[in-house]
file protein_11.cif (mmCIF, C-alpha atoms and all ligand atoms)
data_structure
loop_
_atom_site.label_atom_id
_atom_site.label_comp_id
_atom_site.auth_asym_id
_atom_site.auth_seq_id
_atom_site.Cartn_x
_atom_site.Cartn_y
_atom_site.Cartn_z
CA MET Z 1 -16.42 -17.09 -0.47
CA LYS Z 2 -12.66 -17.45 -0.98
CA PRO Z 3 -10.67 -17.32 -4.21
CA ASP Z 4 -9.86 -20.75 -5.62
CA VAL Z 5 -6.10 -20.83 -4.96
CA LYS Z 6 -4.04 -23.76 -3.69
CA PRO Z 7 -1.64 -23.45 -0.74
CA ILE Z 8 2.03 -23.51 -1.78
CA LEU Z 9 4.08 -22.77 1.34
CA PRO Z 10 6.04 -25.95 2.23
CA ARG Z 11 5.42 -27.56 5.62
CA GLU Z 12 9.11 -27.03 6.38
CA VAL Z 13 9.55 -23.28 5.83
CA PRO Z 14 12.84 -22.48 4.07
CA GLU Z 15 15.48 -20.58 6.03
CA ASN Z 16 15.38 -16.80 5.49
CA TYR Z 17 11.78 -16.93 4.32
CA ARG Z 18 9.98 -13.64 5.04
CA LEU Z 19 6.59 -12.16 4.42
CA GLY Z 20 6.92 -8.86 2.61
CA VAL Z 21 6.19 -7.63 -0.89
CA ASP Z 22 9.39 -7.25 -2.86
CA GLY Z 23 10.27 -3.55 -3.12
CA TRP Z 24 7.98 -2.37 -0.30
CA SER Z 25 10.37 -2.53 2.67
CA PHE Z 26 14.14 -2.84 2.45
CA PRO Z 27 16.67 -5.01 4.31
CA LYS Z 28 19.02 -3.37 6.80
CA GLY Z 29 22.07 -3.36 4.52
CA LYS Z 30 20.17 -1.67 1.72
CA LEU Z 31 19.00 1.14 4.01
CA MET Z 32 22.64 2.02 4.75
CA GLU Z 33 23.56 2.48 1.07
CA LYS Z 34 24.87 5.90 0.06
CA LEU Z 35 25.52 7.76 -3.18
CA ALA Z 36 29.11 8.61 -4.16
CA ASP Z 37 28.80 12.00 -2.40
CA GLY Z 38 27.75 10.37 0.88
CA THR Z 39 24.02 11.13 0.60
CA ARG Z 40 21.86 8.31 1.92
CA LYS Z 41 19.75 6.86 -0.87
CA LEU Z 42 16.11 7.70 -1.47
CA LEU Z 43 15.09 4.11 -2.19
CA THR Z 44 11.35 4.46 -2.55
CA LEU Z 45 8.54 6.90 -3.22
CA ASP Z 46 4.82 6.71 -2.79
CA ILE Z 47 3.27 8.54 -5.70
CA SER Z 48 -0.04 9.60 -7.16
CA ILE Z 49 -0.49 9.59 -10.91
CA SER Z 50 -3.60 11.33 -12.21
CA PRO Z 51 -4.99 10.48 -15.65
CA ASP Z 52 -4.33 13.28 -18.20
CA SER Z 53 -8.03 14.10 -18.76
CA PHE Z 54 -8.53 14.48 -14.97
CA VAL Z 55 -5.50 16.77 -14.71
CA GLU Z 56 -6.83 18.93 -17.53
CA ALA Z 57 -10.37 19.12 -16.12
CA VAL Z 58 -9.23 19.90 -12.56
CA ASN Z 59 -6.49 22.37 -13.50
CA THR Z 60 -8.77 24.41 -15.77
CA GLY Z 61 -10.20 27.27 -13.72
CA ASN Z 62 -9.20 29.27 -10.66
CA LEU Z 63 -7.34 27.86 -7.65
CA LYS Z 64 -10.29 28.45 -5.32
CA GLY Z 65 -12.40 25.96 -7.24
CA LEU Z 66 -9.76 23.17 -7.24
CA GLN Z 67 -11.33 21.03 -4.52
CA ASP Z 68 -14.81 21.30 -6.06
CA ARG Z 69 -13.46 20.22 -9.44
CA VAL Z 70 -11.62 17.24 -7.88
CA ASN Z 71 -14.87 16.13 -6.23
CA HIS Z 72 -16.90 16.79 -9.37
CA PHE Z 73 -14.66 14.84 -11.75
CA TYR Z 74 -13.56 12.09 -9.32
CA ASN Z 75 -16.20 9.58 -10.37
CA GLN Z 76 -14.85 9.75 -13.93
CA ILE Z 77 -11.52 8.28 -12.85
CA CYS Z 78 -12.50 5.89 -10.08
CA PRO Z 79 -15.23 3.32 -10.53
CA ASN Z 80 -15.45 2.88 -6.74
CA ASN Z 81 -16.58 5.33 -4.12
CA CYS Z 82 -15.00 4.09 -0.91
CA THR Z 83 -16.14 5.87 2.21
CA GLY Z 84 -12.59 6.00 3.62
CA CYS Z 85 -10.87 7.19 0.42
CA PHE Z 86 -7.71 8.96 1.55
CA GLU Z 87 -7.15 10.40 -1.94
CA LYS Z 88 -10.18 12.63 -1.55
CA GLY Z 89 -8.33 14.82 0.92
CA ASP Z 90 -7.57 18.52 0.67
CA ILE Z 91 -5.89 19.77 -2.45
CA LYS Z 92 -3.66 22.84 -2.37
CA HIS Z 93 -2.17 23.20 -5.85
CA ASN Z 94 -2.84 22.21 -9.42
CA LEU Z 95 -2.54 18.48 -10.08
CA LEU Z 96 0.78 17.11 -11.29
CA SER Z 97 0.69 15.89 -14.88
CA TRP Z 98 2.30 12.56 -15.79
CA GLU Z 99 5.15 14.56 -17.40
CA GLU Z 100 5.71 16.39 -14.10
CA VAL Z 101 5.61 13.11 -12.14
CA LYS Z 102 8.22 11.67 -14.52
CA LYS Z 103 10.43 14.69 -13.93
CA VAL Z 104 10.33 13.97 -10.18
CA LEU Z 105 10.98 10.27 -10.79
CA ASN Z 106 13.96 11.06 -13.00
CA GLU Z 107 15.42 13.20 -10.21
CA ALA Z 108 14.72 10.38 -7.75
CA ARG Z 109 16.53 7.88 -9.99
CA GLY Z 110 19.65 9.97 -9.48
CA LEU Z 111 19.12 9.58 -5.72
CA GLY Z 112 18.97 5.77 -5.91
CA LEU Z 113 15.23 5.15 -6.41
CA GLU Z 114 14.36 1.44 -6.69
CA SER Z 115 10.62 1.29 -6.16
CA VAL Z 116 7.39 3.24 -5.99
CA LYS Z 117 3.90 2.52 -4.79
CA PHE Z 118 0.98 3.85 -6.83
CA LEU Z 119 -1.74 5.15 -4.54
CA GLY Z 120 -4.23 6.81 -6.84
CA PRO Z 121 -6.13 8.89 -7.49
CA GLY Z 122 -8.49 6.18 -8.67
CA GLU Z 123 -7.47 2.93 -10.26
CA ILE Z 124 -4.42 2.79 -12.51
CA PHE Z 125 -6.15 0.04 -14.52
CA THR Z 126 -8.74 2.53 -15.75
CA ASN Z 127 -6.07 5.00 -16.93
CA PRO Z 128 -5.93 5.07 -20.77
CA ASN Z 129 -2.15 5.52 -20.46
CA LEU Z 130 -1.72 2.40 -18.26
CA PHE Z 131 0.81 0.73 -20.52
CA GLY Z 132 2.73 3.96 -21.22
CA ILE Z 133 3.15 4.31 -17.45
CA LEU Z 134 4.20 0.68 -16.94
CA ASP Z 135 6.65 0.95 -19.88
CA TYR Z 136 8.35 3.87 -18.12
CA PHE Z 137 8.86 1.85 -14.92
CA GLN Z 138 10.02 -1.23 -16.81
CA GLU Z 139 12.50 0.74 -18.93
CA ASN Z 140 13.94 2.36 -15.81
CA LYS Z 141 13.87 -0.85 -13.74
CA ILE Z 142 11.80 0.74 -10.98
CA LYS Z 143 9.45 -1.66 -9.21
CA ILE Z 144 5.87 -0.41 -8.98
CA GLY Z 145 3.51 -1.64 -6.26
CA ILE Z 146 -0.06 -0.95 -7.38
CA PHE Z 147 -2.85 -0.56 -4.84
CA THR Z 148 -6.07 -1.73 -6.45
CA LYS Z 149 -9.55 -2.91 -5.63
CA GLY Z 150 -8.95 -5.48 -8.41
CA GLU Z 151 -12.33 -5.08 -10.04
CA THR Z 152 -11.06 -4.07 -13.49
CA LEU Z 153 -8.57 -6.95 -13.48
CA GLY Z 154 -11.25 -9.46 -12.56
CA ASP Z 155 -14.22 -8.38 -14.65
CA ASP Z 156 -14.34 -8.73 -18.42
CA LYS Z 157 -16.88 -5.99 -18.98
CA LEU Z 158 -14.75 -3.45 -17.10
CA SER Z 159 -11.42 -4.53 -18.59
CA ARG Z 160 -12.91 -4.20 -22.08
CA ARG Z 161 -14.41 -0.82 -21.22
CA TYR Z 162 -11.15 0.62 -19.89
CA GLN Z 163 -8.39 -1.30 -21.70
CA GLN Z 164 -10.19 -2.92 -24.67
CA MET Z 165 -9.15 -6.46 -23.77
CA SER Z 166 -10.40 -9.38 -21.69
CA SER Z 167 -9.59 -9.48 -17.98
CA GLU Z 168 -7.37 -12.56 -18.60
CA GLU Z 169 -5.38 -10.66 -21.21
CA LEU Z 170 -5.18 -7.50 -19.11
CA THR Z 171 -3.90 -9.37 -16.04
CA ARG Z 172 -1.38 -11.34 -18.12
CA LYS Z 173 -0.07 -8.16 -19.76
CA VAL Z 174 0.29 -6.38 -16.40
CA CYS Z 175 2.05 -9.37 -14.78
CA ASN Z 176 4.42 -9.72 -17.75
CA TYR Z 177 6.14 -6.52 -16.66
CA ASP Z 178 8.56 -7.92 -14.13
CA VAL Z 179 8.52 -4.63 -12.20
CA THR Z 180 4.83 -4.89 -11.24
CA ARG Z 181 3.68 -5.79 -7.73
CA ILE Z 182 -0.08 -5.98 -7.11
CA LEU Z 183 -1.49 -4.91 -3.73
CA ILE Z 184 -5.08 -6.04 -3.94
CA ASP Z 185 -7.87 -5.10 -1.56
CA CYS Z 186 -9.22 -8.00 0.49
CA ARG Z 187 -10.83 -6.78 3.69
CA THR Z 188 -13.11 -9.78 4.16
CA PHE Z 189 -13.94 -13.03 2.39
CA ASP Z 190 -17.62 -12.52 3.23
CA ALA Z 191 -19.27 -11.77 -0.12
CA ARG Z 192 -22.11 -9.69 1.31
CA LYS Z 193 -19.77 -7.52 3.36
CA THR Z 194 -17.29 -7.24 0.48
CA ASN Z 195 -19.98 -5.93 -1.82
CA MET Z 196 -21.06 -3.37 0.73
CA LEU Z 197 -17.52 -1.96 1.03
CA VAL Z 198 -17.21 -0.89 -2.61
CA HIS Z 199 -19.71 0.76 -4.92
CA SER Z 200 -19.24 -1.83 -7.61
CA LEU Z 201 -19.54 -1.19 -11.33
CA SER Z 202 -19.49 -4.86 -12.22
CA GLY Z 203 -22.55 -5.62 -10.11
CA ASP Z 204 -20.67 -8.22 -8.05
CA TYR Z 205 -17.41 -6.86 -6.70
CA SER Z 206 -16.72 -9.90 -4.54
CA ARG Z 207 -16.74 -12.23 -7.57
CA ALA Z 208 -14.54 -9.84 -9.60
CA ARG Z 209 -12.04 -9.41 -6.73
CA ASN Z 210 -11.76 -13.17 -6.20
CA HIS Z 211 -11.33 -13.75 -9.94
CA ALA Z 212 -8.59 -11.10 -10.05
CA ILE Z 213 -6.71 -12.90 -7.24
CA GLU Z 214 -7.04 -16.19 -9.15
CA LEU Z 215 -5.76 -14.59 -12.36
CA LEU Z 216 -2.78 -13.05 -10.57
CA VAL Z 217 -1.91 -16.47 -9.19
CA GLU Z 218 -2.30 -18.07 -12.66
CA ASN Z 219 0.26 -15.53 -13.81
CA GLY Z 220 2.75 -16.58 -11.15
CA MET Z 221 2.56 -13.51 -8.91
CA ASN Z 222 2.76 -15.66 -5.73
CA SER Z 223 5.02 -18.39 -7.10
CA ASP Z 224 8.48 -17.21 -5.96
CA LEU Z 225 8.98 -17.69 -2.21
CA PHE Z 226 11.80 -15.13 -2.22
CA CYS Z 227 10.18 -12.49 -4.40
CA GLN Z 228 6.57 -11.93 -3.40
CA ARG Z 229 4.85 -9.95 -6.14
CA MET Z 230 1.33 -9.74 -4.75
CA SER Z 231 -0.27 -9.04 -1.41
CA LEU Z 232 -3.73 -8.85 0.11
CA GLN Z 233 -4.70 -5.57 1.73
CA THR Z 234 -7.08 -5.87 4.68
CA ASN Z 235 -6.78 -2.19 5.49
CA PRO Z 236 -8.36 -0.29 6.89
CA VAL Z 237 -8.99 -2.75 9.68
CA THR Z 238 -12.17 -1.50 11.36
CA LEU Z 239 -14.70 -2.96 13.77
CA GLU Z 240 -16.57 -4.17 10.68
CA ASN Z 241 -13.86 -6.50 9.37
CA ILE Z 242 -11.52 -7.06 12.33
CA GLY Z 243 -13.10 -10.45 13.03
CA ASP Z 244 -12.32 -11.62 9.48
CA VAL Z 245 -8.68 -10.58 9.23
CA LEU Z 246 -6.90 -13.47 10.98
CA GLU Z 247 -8.50 -15.95 8.58
CA ILE Z 248 -7.34 -13.89 5.59
CA PHE Z 249 -3.85 -13.60 7.05
CA ILE Z 250 -3.47 -17.36 7.55
CA TRP Z 251 -4.98 -18.07 4.12
CA GLY Z 252 -2.51 -15.66 2.50
CA VAL Z 253 0.49 -17.05 4.42
CA GLU Z 254 -0.13 -20.56 3.07
CA ARG Z 255 -0.21 -19.11 -0.46
CA ASN Z 256 2.93 -16.98 -0.19
CA MET Z 257 0.90 -13.76 -0.20
CA PRO Z 258 1.85 -11.26 2.51
CA VAL Z 259 -1.30 -9.81 4.04
CA CYS Z 260 -1.18 -6.17 5.05
CA VAL Z 261 -2.97 -5.51 8.34
CA THR Z 262 -3.21 -1.99 9.73
CA PRO Z 263 -5.89 0.45 10.90
CA THR Z 264 -7.08 3.43 8.90
CA MET Z 265 -4.90 6.12 7.38
CA VAL Z 266 -5.18 9.47 9.08
CA SER Z 267 -5.57 11.15 5.70
CA GLY Z 268 -8.42 12.35 3.52
CA LYS Z 269 -11.69 10.61 4.28
CA GLY Z 270 -9.78 7.96 6.26
CA ARG Z 271 -9.90 10.49 9.10
CA ASN Z 272 -13.59 9.64 9.47
CA PHE Z 273 -12.60 6.23 10.86
CA VAL Z 274 -10.08 7.51 13.41
CA SER Z 275 -12.59 8.12 16.23
CA GLU Z 276 -13.68 4.47 16.07
CA THR Z 277 -10.07 3.34 16.56
CA LYS Z 278 -9.86 5.31 19.82
CA GLY Z 279 -12.49 3.12 21.47
CA SER Z 280 -11.28 0.53 23.99
CA GLU Z 281 -13.21 -2.27 22.24
CA PHE Z 282 -11.35 -1.70 18.96
CA GLN Z 283 -7.96 -1.26 20.62
CA LYS Z 284 -8.35 -4.48 22.59
CA GLU Z 285 -9.37 -6.40 19.49
CA LEU Z 286 -6.55 -4.89 17.43
CA ILE Z 287 -3.88 -5.79 19.99
CA GLY Z 288 -5.39 -9.29 20.20
CA LEU Z 289 -5.30 -9.62 16.41
CA TYR Z 290 -1.66 -8.52 16.11
CA SER Z 291 -0.71 -10.92 18.94
CA ASP Z 292 -2.54 -13.86 17.32
CA ILE Z 293 -0.79 -13.15 14.02
CA TYR Z 294 2.70 -13.24 15.57
CA VAL Z 295 1.93 -16.34 17.62
CA HIS Z 296 0.74 -18.05 14.44
CA LEU Z 297 3.88 -17.05 12.51
CA ILE Z 298 6.16 -18.33 15.26
CA LYS Z 299 4.27 -21.62 15.57
CA ARG Z 300 4.36 -22.00 11.77
CA GLY Z 301 8.16 -21.55 11.74
CA ILE Z 302 8.12 -18.31 9.73
CA MET Z 303 9.48 -16.12 12.54
CA ASN Z 304 11.05 -16.71 15.92
CA LEU Z 305 10.75 -14.80 19.18
CA ASN Z 306 14.33 -13.60 19.09
CA GLN Z 307 13.79 -12.02 15.69
CA LEU Z 308 10.59 -10.35 16.87
CA GLU Z 309 12.38 -8.95 19.92
CA GLN Z 310 15.23 -7.64 17.77
CA GLU Z 311 13.05 -6.06 15.07
CA GLY Z 312 10.11 -5.03 17.17
CA VAL Z 313 6.46 -5.43 16.29
CA SER Z 314 5.66 -4.11 12.82
CA SER Z 315 2.92 -1.56 12.21
CA TYR Z 316 1.87 -3.99 9.46
CA ALA Z 317 1.19 -6.98 11.71
CA GLY Z 318 3.43 -9.93 10.95
CA ILE Z 319 5.14 -8.72 7.79
CA MET Z 320 8.41 -6.84 7.18
CA PRO Z 321 8.44 -3.73 9.37
CA CYS Z 322 7.84 -0.40 7.66
CA ASN Z 323 10.97 1.57 6.76
CA GLN Z 324 9.20 3.78 4.28
CA LEU Z 325 9.91 6.86 6.39
CA SER Z 326 13.64 6.30 6.68
CA CYS Z 327 14.20 5.69 2.96
CA GLY Z 328 11.27 7.31 1.18
CA MET Z 329 8.74 10.12 0.86
CA TYR Z 330 5.25 10.58 -0.57
CA ILE Z 331 4.53 12.88 -3.53
CA ARG Z 332 0.85 13.79 -3.48
CA LYS Z 333 -1.21 14.37 -6.60
CA ASP Z 334 -1.03 18.15 -6.03
CA GLY Z 335 2.76 18.16 -5.51
CA VAL Z 336 2.72 18.39 -1.70
CA VAL Z 337 5.49 16.20 -0.25
CA GLN Z 338 4.54 14.24 2.87
CA CYS Z 339 6.47 11.83 5.12
CA CYS Z 340 4.20 9.06 3.82
CA PRO Z 341 0.53 8.73 2.88
CA GLY Z 342 -0.56 7.61 6.36
CA ASN Z 343 -1.04 11.01 7.94
CA ASP Z 344 -1.76 14.28 6.12
CA GLY Z 345 -1.57 16.42 9.27
CA GLU Z 346 0.70 19.47 9.29
CA PRO Z 347 3.64 17.83 11.20
CA PHE Z 348 3.92 15.23 8.44
CA THR Z 349 4.25 17.66 5.54
CA LEU Z 350 7.83 17.85 4.27
CA PHE Z 351 7.48 20.47 1.54
CA GLU Z 352 4.71 22.53 0.01
CA ASP Z 353 5.18 21.78 -3.70
CA VAL Z 354 7.67 19.42 -5.32
CA ARG Z 355 7.73 21.71 -8.40
CA LYS Z 356 9.35 24.48 -6.37
CA LYS Z 357 12.56 22.86 -5.12
CA ASN Z 358 14.85 20.12 -6.34
CA LEU Z 359 14.15 16.70 -4.90
CA ARG Z 360 17.66 16.19 -3.52
CA GLU Z 361 17.24 19.23 -1.25
CA ILE Z 362 13.75 18.19 -0.17
CA TRP Z 363 15.07 14.71 0.67
CA THR Z 364 18.26 15.68 2.48
CA GLN Z 365 16.51 18.43 4.49
CA SER Z 366 13.55 16.22 5.43
CA LYS Z 367 12.77 14.72 8.83
CA ASN Z 368 12.60 11.35 7.05
CA TYR Z 369 16.26 11.67 6.04
CA ALA Z 370 17.15 12.72 9.58
CA LEU Z 371 15.72 9.45 10.92
CA GLY Z 372 18.68 7.58 9.49
CA PRO Z 373 18.56 3.96 8.29
CA LEU Z 374 15.88 2.69 10.67
CA PHE Z 375 14.72 -0.84 9.88
CA ASN Z 376 11.46 -0.45 11.85
CA ASN Z 377 10.30 3.16 11.81
CA ARG Z 378 6.95 2.31 13.47
CA CYS Z 379 4.19 4.53 12.11
CA VAL Z 380 2.84 8.05 11.61
CA LYS Z 381 -0.52 6.70 12.76
CA ASP Z 382 0.84 5.90 16.24
CA GLY Z 383 -1.30 7.72 18.77
CA TYR Z 384 -3.93 8.37 16.10
CA SER Z 385 -5.38 5.13 14.71
CA ILE Z 386 -2.69 2.83 16.18
CA PRO Z 387 -2.75 2.75 19.98
CA VAL Z 388 0.70 3.71 21.33
CA GLN Z 389 0.75 0.76 23.72
CA LEU Z 390 0.25 -1.72 20.85
CA TYR Z 391 3.92 -2.51 20.25
CA ASP Z 392 4.76 -3.37 23.88
CA GLU Z 393 1.52 -5.15 24.65
CA VAL Z 394 1.70 -7.35 21.55
CA LEU Z 395 5.24 -8.44 22.40
CA ALA Z 396 4.23 -9.19 26.00
CA ASN Z 397 1.18 -11.17 24.82
CA VAL Z 398 3.24 -13.21 22.38
CA LYS Z 399 5.80 -14.10 25.07
CA LYS Z 400 3.03 -15.08 27.46
CA GLU Z 401 1.32 -17.25 24.85
CA LEU Z 402 4.56 -18.99 23.84
CA LYS Z 403 5.31 -19.86 27.46
CA LYS Z 404 2.16 -21.95 27.53
CA LEU Z 405 3.44 -24.21 24.74
S1 LIG Z 501 -9.92 4.39 -2.04
FE1 LIG Z 501 -9.10 4.00 -4.10
S2 LIG Z 501 -10.69 2.80 -5.09
FE2 LIG Z 501 -11.66 3.76 -3.32
S3 LIG Z 501 -12.56 5.68 -4.06
FE3 LIG Z 501 -10.49 6.14 -3.34
S4 LIG Z 501 -9.19 5.99 -5.14
FE4 LIG Z 501 -11.11 4.94 -5.61
S1 LIG Z 502 4.74 4.98 8.60
FE1 LIG Z 502 2.79 3.89 8.83
S2 LIG Z 502 1.37 4.83 7.36
FE2 LIG Z 502 3.45 5.45 6.81
S3 LIG Z 502 4.06 3.97 5.26
FE3 LIG Z 502 4.78 3.20 7.25
S4 LIG Z 502 3.16 1.86 8.03
FE4 LIG Z 502 2.30 3.09 6.33
#
call {"tool": "encode", "arguments": {"input": "protein_11.cif", "output": "structure tokens"}}
result
Amino acid sequence: MKPDVKPILPREVPENYRLGVDGWSFPKGKLMEKLADGTRKLLTLDISISPDSFVEAVNTGNLKGLQDRVNHFYNQICPNNCTGCFEKGDIKHNLLSWEEVKKVLNEARGLGLESVKFLGPGEIFTNPNLFGILDYFQENKIKIGIFTKGETLGDDKLSRRYQQMSSEELTRKVCNYDVTRILIDCRTFDARKTNMLVHSLSGDYSRARNHAIELLVENGMNSDLFCQRMSLQTNPVTLENIGDVLEIFIWGVERNMPVCVTPTMVSGKGRNFVSETKGSEFQKELIGLYSDIYVHLIKRGIMNLNQLEQEGVSSYAGIMPCNQLSCGMYIRKDGVVQCCPGNDGEPFTLFEDVRKKNLREIWTQSKNYALGPLFNNRCVKDGYSIPVQLYDEVLANVKKELKKL
């Protein structure tokens, strides 16, 4: 069952049209920008914001018991219980409070920060301080991409429970902040499968998710061809949903919604899915999926082969390549600074605790900064959940397929 949303992409695709959520990746010129002292800008951060009551509950007690308290209190802040939840990874230090996160963000503003992505823990729409948080981003003109399962936005009972208003009102209020970007989970349109992926509180997650997508569209989140404010997240792509992803991608394209396609994170419980991605069956299907996506985009007039050759295949199939590493960092809920959320292995840790050093030093001494202004930084999951040969094989497949036309 699909959401009831009409296609809006014109038959003749406008010049310079691109698929990519505004504020997620940056154009080449932007990546080159420097501060007055010559420091390359830190344009984006991935961040975790824990609700105050969770911070208090987890931080009360000795350090040894931190992980147990995170696990114990987690179901109070997240209505879902996804098997691949990357946020349920190791925790090393006390959780950052919202005040501490703001301190980091204020430092980052001085380094040129333009956007963040909220990753958890849990759903921001269940946080009692939701509007205090959004006010901060609006006042400081920082775009905030919000990863969400969408259930609270699309179900009246839940929106009233967590934000004391109808789901229509909640979605309208959230969309009225012009800094918000909504990154909504959509791993399959199959209702039965959808409901198996999330431990729903509404009793019918598939219905709530579809309604949330419809409400976002009613509020204009997909209406501007040159400023895409919502996207569909098919990740993690696994053997379970890989057969459904191309349909979602094409559906999203026609509705000006970039669809994010990528295999599992190599972080937290996402690591449980990595072994599956090593199998030849999955790798073959994944390379086939990426190839089909690019062939479709070229046939539809959204990309051309020359552009693909210049930019290289994106780790997010078909949409703006990732440059998160070359212009950003990830601040975990316990203050650990990582290259990005995609891999929590030791080589991808940039600094132990953001509270212990100023952000400028962490940024300028990081391996992300050393990458320079790379437009396509490929991915920290390469060789883990993304097969290393994917980039070359996809390009070769696309060329071969186009020759047949
Ligand atoms: S992945 Fe997100 S929605 Fe699922 S359990 Fe983790 S925090 Fe909650
Ligand atoms: S490097 Fe990979 S995991 Fe990290 S932000 Fe980019 S696409 Fe995501």
call {"tool": "axis_aligned_box", "arguments": {"input": "protein_11.cif", "around": "ligand LIG 501 (chain Z)", "padding_each_side": "5 Å", "output": "lines of an AutoDock Vina configuration file"}}
result
center_x = -10.8
center_y = 4.5
center_z = -3.8
size_x = 13.5
size_y = 13.3
size_z = 13.6
call {"tool": "atom_distance", "arguments": {"input": "protein_11.cif", "atom1": "CA of Ile319 in chain Z", "atom2": "CA of Ile298 in chain Z"}}
result
12.2 Å
call {"tool": "closest_residue", "arguments": {"input": "protein_11.cif", "among": "Z:Cys78, Z:Ile49, Z:Val336, Z:Met329", "to": "ligand LIG 502 (chain Z)", "atoms": "only C-alpha atoms and all ligand atoms"}}
result
Z:Met329
call {"tool": "closest_residue", "arguments": {"input": "protein_11.cif", "among": "Z:Lys6, Z:Lys143, Z:Lys269, Z:Arg18", "to": "ligand LIG 501 (chain Z)", "atoms": "only C-alpha atoms and all ligand atoms"}}
result
Z:Lys269
call {"tool": "closest_residue", "arguments": {"input": "protein_11.cif", "among": "Z:Tyr205, Z:Phe125, Z:Tyr391, Z:Tyr330", "to": "Leu170 in chain Z", "atoms": "all atoms listed in the file"}}
result
Z:Phe125
call {"tool": "residues_near_ligand", "arguments": {"input": "protein_11.cif", "ligand": "ligand LIG 501 (chain Z)", "cutoff": "6 Å", "atoms": "only C-alpha atoms and all ligand atoms", "output": "MDAnalysis selection string"}}
result
chainID Z and resid 78 80:82 85 87 120:122 149
call {"tool": "closest_residue", "arguments": {"input": "protein_11.cif", "among": "Z:Arg192, Z:Arg172, Z:Lys367, Z:Lys103", "to": "Val354 in chain Z", "atoms": "all atoms listed in the file"}}
result
Z:Lys103
call {"tool": "residues_around", "arguments": {"input": "protein_11.cif", "residues": "range 63-75 of chain Z", "least_positions_apart": "3", "cutoff": "8 Å", "atoms": "only C-alpha atoms", "output": "mmCIF file with C-alpha atoms, in the coordinates of the input"}}
result
data_model
loop_
_atom_site.group_PDB
_atom_site.id
_atom_site.type_symbol
_atom_site.label_atom_id
_atom_site.label_comp_id
_atom_site.auth_asym_id
_atom_site.auth_seq_id
_atom_site.Cartn_x
_atom_site.Cartn_y
_atom_site.Cartn_z
ATOM 1 C CA PHE Z 54 -8.530 14.480 -14.970
ATOM 2 C CA ALA Z 57 -10.370 19.120 -16.120
ATOM 3 C CA VAL Z 58 -9.230 19.900 -12.560
ATOM 4 C CA ASN Z 59 -6.490 22.370 -13.500
ATOM 5 C CA CYS Z 78 -12.500 5.890 -10.080
ATOM 6 C CA PRO Z 79 -15.230 3.320 -10.530
ATOM 7 C CA ASN Z 80 -15.450 2.880 -6.740
ATOM 8 C CA ASN Z 81 -16.580 5.330 -4.120
ATOM 9 C CA LYS Z 88 -10.180 12.630 -1.550
ATOM 10 C CA ASP Z 90 -7.570 18.520 0.670
ATOM 11 C CA ILE Z 91 -5.890 19.770 -2.450
ATOM 12 C CA LYS Z 92 -3.660 22.840 -2.370
ATOM 13 C CA HIS Z 93 -2.170 23.200 -5.850
ATOM 14 C CA ASN Z 94 -2.840 22.210 -9.420
ATOM 15 C CA GLY Z 122 -8.490 6.180 -8.670
#
call {"tool": "residues_near_ligand", "arguments": {"input": "protein_11.cif", "ligand": "ligand LIG 502 (chain Z)", "cutoff": "6 Å", "atoms": "only C-alpha atoms and all ligand atoms", "output": "count of residues only"}}
result
11
call {"tool": "closest_residue", "arguments": {"input": "protein_11.cif", "among": "Z:Leu134, Z:Phe189, Z:Ile77, Z:Ile182", "to": "Tyr162 in chain Z", "atoms": "only C-alpha atoms"}}
result
Z:Ile77
call {"tool": "atom_distance", "arguments": {"input": "protein_11.cif", "atom1": "CA of Leu31 in chain Z", "atom2": "CA of Arg300 in chain Z"}}
result
28.5 Å
call {"tool": "residues_around", "arguments": {"input": "protein_11.cif", "residues": "Glu393 in chain Z", "least_positions_apart": "2", "cutoff": "12 Å", "atoms": "all atoms listed in the file", "output": "PyMOL selection string"}}
result
chain Z and resi 283-284+286-291+312-313+387-391+395-400
call {"tool": "write_last_selection", "arguments": {"input": "protein_11.cif", "atoms": "C-alpha atoms", "output": "mmCIF file, in the frame of the given file"}}
result
data_model
loop_
_atom_site.group_PDB
_atom_site.id
_atom_site.type_symbol
_atom_site.label_atom_id
_atom_site.label_comp_id
_atom_site.auth_asym_id
_atom_site.auth_seq_id
_atom_site.Cartn_x
_atom_site.Cartn_y
_atom_site.Cartn_z
ATOM 1 C CA GLN Z 283 -7.960 -1.260 20.620
ATOM 2 C CA LYS Z 284 -8.350 -4.480 22.590
ATOM 3 C CA LEU Z 286 -6.550 -4.890 17.430
ATOM 4 C CA ILE Z 287 -3.880 -5.790 19.990
ATOM 5 C CA GLY Z 288 -5.390 -9.290 20.200
ATOM 6 C CA LEU Z 289 -5.300 -9.620 16.410
ATOM 7 C CA TYR Z 290 -1.660 -8.520 16.110
ATOM 8 C CA SER Z 291 -0.710 -10.920 18.940
ATOM 9 C CA GLY Z 312 10.110 -5.030 17.170
ATOM 10 C CA VAL Z 313 6.460 -5.430 16.290
ATOM 11 C CA PRO Z 387 -2.750 2.750 19.980
ATOM 12 C CA VAL Z 388 0.700 3.710 21.330
ATOM 13 C CA GLN Z 389 0.750 0.760 23.720
ATOM 14 C CA LEU Z 390 0.250 -1.720 20.850
ATOM 15 C CA TYR Z 391 3.920 -2.510 20.250
ATOM 16 C CA LEU Z 395 5.240 -8.440 22.400
ATOM 17 C CA ALA Z 396 4.230 -9.190 26.000
ATOM 18 C CA ASN Z 397 1.180 -11.170 24.820
ATOM 19 C CA VAL Z 398 3.240 -13.210 22.380
ATOM 20 C CA LYS Z 399 5.800 -14.100 25.070
ATOM 21 C CA LYS Z 400 3.030 -15.080 27.460
#
call {"tool": "closest_residue", "arguments": {"input": "protein_11.cif", "among": "Z:Ile142, Z:Leu95, Z:Leu45, Z:Met257", "to": "Phe118 in chain Z", "atoms": "all atoms listed in the file"}}
result
Z:Leu45
